[in-house]
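A.B. asks: Please read through the structure below; I'll follow up with questions.
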Amino acid sequence: MTPEAQALLALAVFVGFLVEATVGFGSTLLSVALGALILPLEAFLPAVVLLNLPLSGWILARDHAAVDRALLLRVAPLMALGMPLGLALGGASPEVVGRALGALVLGLAGFELLRPAAAGPLGRGRAAVCLLGGGVAHGLCGSGGPLAVYVAGRQLACKRAFRATLAALWVGLNLLLLAGLLARGALEARHLAPCLPLAPALVLGLLVGERLHARVEQAAFRRLVYGLLTLAGLVLLVRG
C-alpha cells in the first residue's frame, strides 16, 4: 500500500472507532464502508474485527457495572444462534444481504426519528426476529449490529448502559466471528499486518469518543443513535 492509502485507511478506522466510542456502535460498519474503497472487504474486515476487541474491551472494563445483564442474556444467545447460518452462507452474496438489511434499518431508524418521544421496548417476538436476522447478517458480512442496536435502543434509556451493554455484546460476537473466520480459513497471518499501523488511529478515536460520550446529553444521545442508524442503513443500502 502507498503511504496515501495507509493514511486514508487510518482515517477510516479513526472515524469508525470515534463513533463507536461515543455511542457504542458503528466501528465495523463505517470502517469497512470507508476502508473498502482502498482494500478488498475480505482483506480488511478481519483487521477491523480484531481492532474492535480492545475498543469494546476498554468500554466494558470501564463501565461493566452499567451493563444491563438481563437484556444482554436475551440479545446475545439469539444473535449467536443466527451467526453460524450466516457463516455457512459464506458463498452467498453478502451484497444482497447488506442491501436488504440496509433498507430495513433505514426504515426502522427513520420511523424512530419521526417519533416525538422514545417508545417502549419491542415485543419479544419482534425483538427475536430482529436479533436472529442480525446474527445471520453478522456472520455473513460482519454488519448485523444495527438490528441489535435498534432493539437495545428501544429498551435502554441510559446512554451509559446502552454503550456498555453493546460493548459486552460486541466482545462476544466478534470472538465468535473470528473463530468462524479462522475455521473456514479466512483469517490468516496476513490479516494481522494492518492492525499494528492502525493502532494509533484506534487509540485516538477512543480518546476523543470518550470525551464526546461524556458531553452528549441524554435527549441528544437518542437522536444521535437513530441518526447514525439511518446513516448505517444508507451505507448498507448503497454499498451492500
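Chains: A, B, ... in order of the C-alpha cells. Residues: from 1 per chain. Ligands: from 1, in order shown.
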Would you kindly return, as a list in words, each protein, DNA or RNA residue with an atom no farther than 9 Å from any atom of region 61-66 of chain A, considering only C-alpha atoms and excluding same-chain residues fewer than 6 positions away?
C.D. replies: Arg160, Ala161, Phe162, Arg163, Ala164, Thr165 and Ala168 of chain A
A.B. asks: Hey, which bits of region 149-230 of chain A sit within 7 Å of region 18-21 of chain A, and for each residue what's the closest pair of atoms and how far apart in Å (one decimal), counting only C-alpha atoms, rows by chain and increasing number, as CSV?
C.D. replies:
residue,atom,partner,partner_atom,distance
A:Gly205,CA,A:Leu18,CA,4.0
A:Leu206,CA,A:Ala21,CA,5.4
A:Val208,CA,A:Leu18,CA,6.5
A:Gly209,CA,A:Ala21,CA,4.6
A:Glu210,CA,A:Ala21,CA,5.8
A.B. asks: Print the selection's residues with N, CA and C atoms to a file, as a PDB file, in the first residue's frame.
C.D. replies:
ATOM      1  N   GLY A 205      -9.210   7.581  18.287  1.00  0.00           N
ATOM      2  CA  GLY A 205     -10.670   7.533  18.195  1.00  0.00           C
ATOM      3  C   GLY A 205     -11.311   7.249  19.534  1.00  0.00           C
ATOM      4  N   LEU A 206     -10.701   6.364  20.319  1.00  0.00           N
ATOM      5  CA  LEU A 206     -11.223   6.039  21.646  1.00  0.00           C
ATOM      6  C   LEU A 206     -11.151   7.242  22.579  1.00  0.00           C
ATOM      7  N   VAL A 208     -10.972  10.524  21.898  1.00  0.00           N
ATOM      8  CA  VAL A 208     -11.891  11.601  21.512  1.00  0.00           C
ATOM      9  C   VAL A 208     -13.338  11.164  21.742  1.00  0.00           C
ATOM     10  N   GLY A 209     -13.645   9.916  21.420  1.00  0.00           N
ATOM     11  CA  GLY A 209     -15.005   9.411  21.608  1.00  0.00           C
ATOM     12  C   GLY A 209     -15.435   9.386  23.057  1.00  0.00           C
ATOM     13  N   GLU A 210     -14.515   9.053  23.955  1.00  0.00           N
ATOM     14  CA  GLU A 210     -14.838   9.054  25.392  1.00  0.00           C
ATOM     15  C   GLU A 210     -15.253  10.457  25.847  1.00  0.00           C
TER      16      GLU A 210
END
A.B. asks: Show which residues sit within 6 Å of region 121-131 of chain A, as an mmCIF file with N, CA and C atoms, in the first residue's frame. Count only C-alpha atoms, and ignore same-chain residues fewer than 6 positions away.
C.D. replies:
data_model
loop_
_atom_site.group_PDB
_atom_site.id
_atom_site.type_symbol
_atom_site.label_atom_id
_atom_site.label_comp_id
_atom_site.auth_asym_id
_atom_site.auth_seq_id
_atom_site.Cartn_x
_atom_site.Cartn_y
_atom_site.Cartn_z
ATOM 1 N N LEU A 78 -29.579 -15.087 20.933
ATOM 2 C CA LEU A 78 -30.283 -15.051 19.647
ATOM 3 C C LEU A 78 -29.358 -14.610 18.514
ATOM 4 N N MET A 79 -28.497 -13.617 18.785
ATOM 5 C CA MET A 79 -27.525 -13.207 17.774
ATOM 6 C C MET A 79 -26.556 -14.348 17.486
ATOM 7 N N LEU A 147 -29.288 -4.057 13.812
ATOM 8 C CA LEU A 147 -30.550 -4.590 14.338
ATOM 9 C C LEU A 147 -30.487 -4.775 15.850
ATOM 10 N N ALA A 148 -29.335 -5.214 16.363
ATOM 11 C CA ALA A 148 -29.164 -5.309 17.811
ATOM 12 C C ALA A 148 -29.206 -3.928 18.451
ATOM 13 N N ARG A 154 -34.473 0.653 21.861
ATOM 14 C CA ARG A 154 -35.859 0.671 22.327
ATOM 15 C C ARG A 154 -35.968 0.274 23.799
ATOM 16 N N GLN A 155 -34.954 -0.443 24.299
ATOM 17 C CA GLN A 155 -35.007 -0.980 25.660
ATOM 18 C C GLN A 155 -34.325 -0.071 26.684
#
A.B. asks: Kindly indicate which residue among A:Leu108, A:Val67, A:Leu169, A:Val96 lies nearest to Ala80 (chain A), using only C-alpha atoms for the distances.
C.D. replies: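 Comparing A:Leu108, A:Val67, A:Leu169, A:Val96 against Ala80 (chain A), the winner is A:Leu169.
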A.B. asks: Nearest to Leu29 (chain A) among A:Leu181, A:Ala7, A:Arg223, A:Asn52, with distances taken over only C-alpha atoms: which residue is it?
C.D. replies: A:Asn52
A.B. asks: For a test of reading the model, state the distance in Å between CA of Ser27 (chain A) and CA of Val216 (chain A), rounded to one decimal.
C.D. replies: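 These atoms are spaced 18.6 Å apart.
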A.B. asks: Please identify every residue of region 176-222 of chain A that has at least one atom no farther than 10 Å from an atom of region 3-6 of chain A, counting only C-alpha atoms, and for each give the shortest atom pair and the distance in Å to one decimal, arranged by chain then increasing number, as JSON lines.
C.D. replies:
{"residue": "A:Pro194", "atom": "CA", "partner": "A:Gln6", "partner_atom": "CA", "distance": 9.0}
{"residue": "A:Pro197", "atom": "CA", "partner": "A:Gln6", "partner_atom": "CA", "distance": 8.4}
{"residue": "A:Leu198", "atom": "CA", "partner": "A:Gln6", "partner_atom": "CA", "distance": 8.6}
A.B. asks: Quick one: residues within 9 Å of Leu11 (chain A), only C-alpha atoms, excluding same-chain residues fewer than 5 positions away - as a list of chain:residue names?
C.D. replies: A:Gln6, A:Gly16, A:Ser31, A:Leu34, A:Gly35, A:Ala201
A.B. asks: Which of these residues is nearest to Val75 (chain A), using only C-alpha atoms: A:Val23, A:Ala88, A:Leu132, A:Ala103?
C.D. replies: A:Leu132
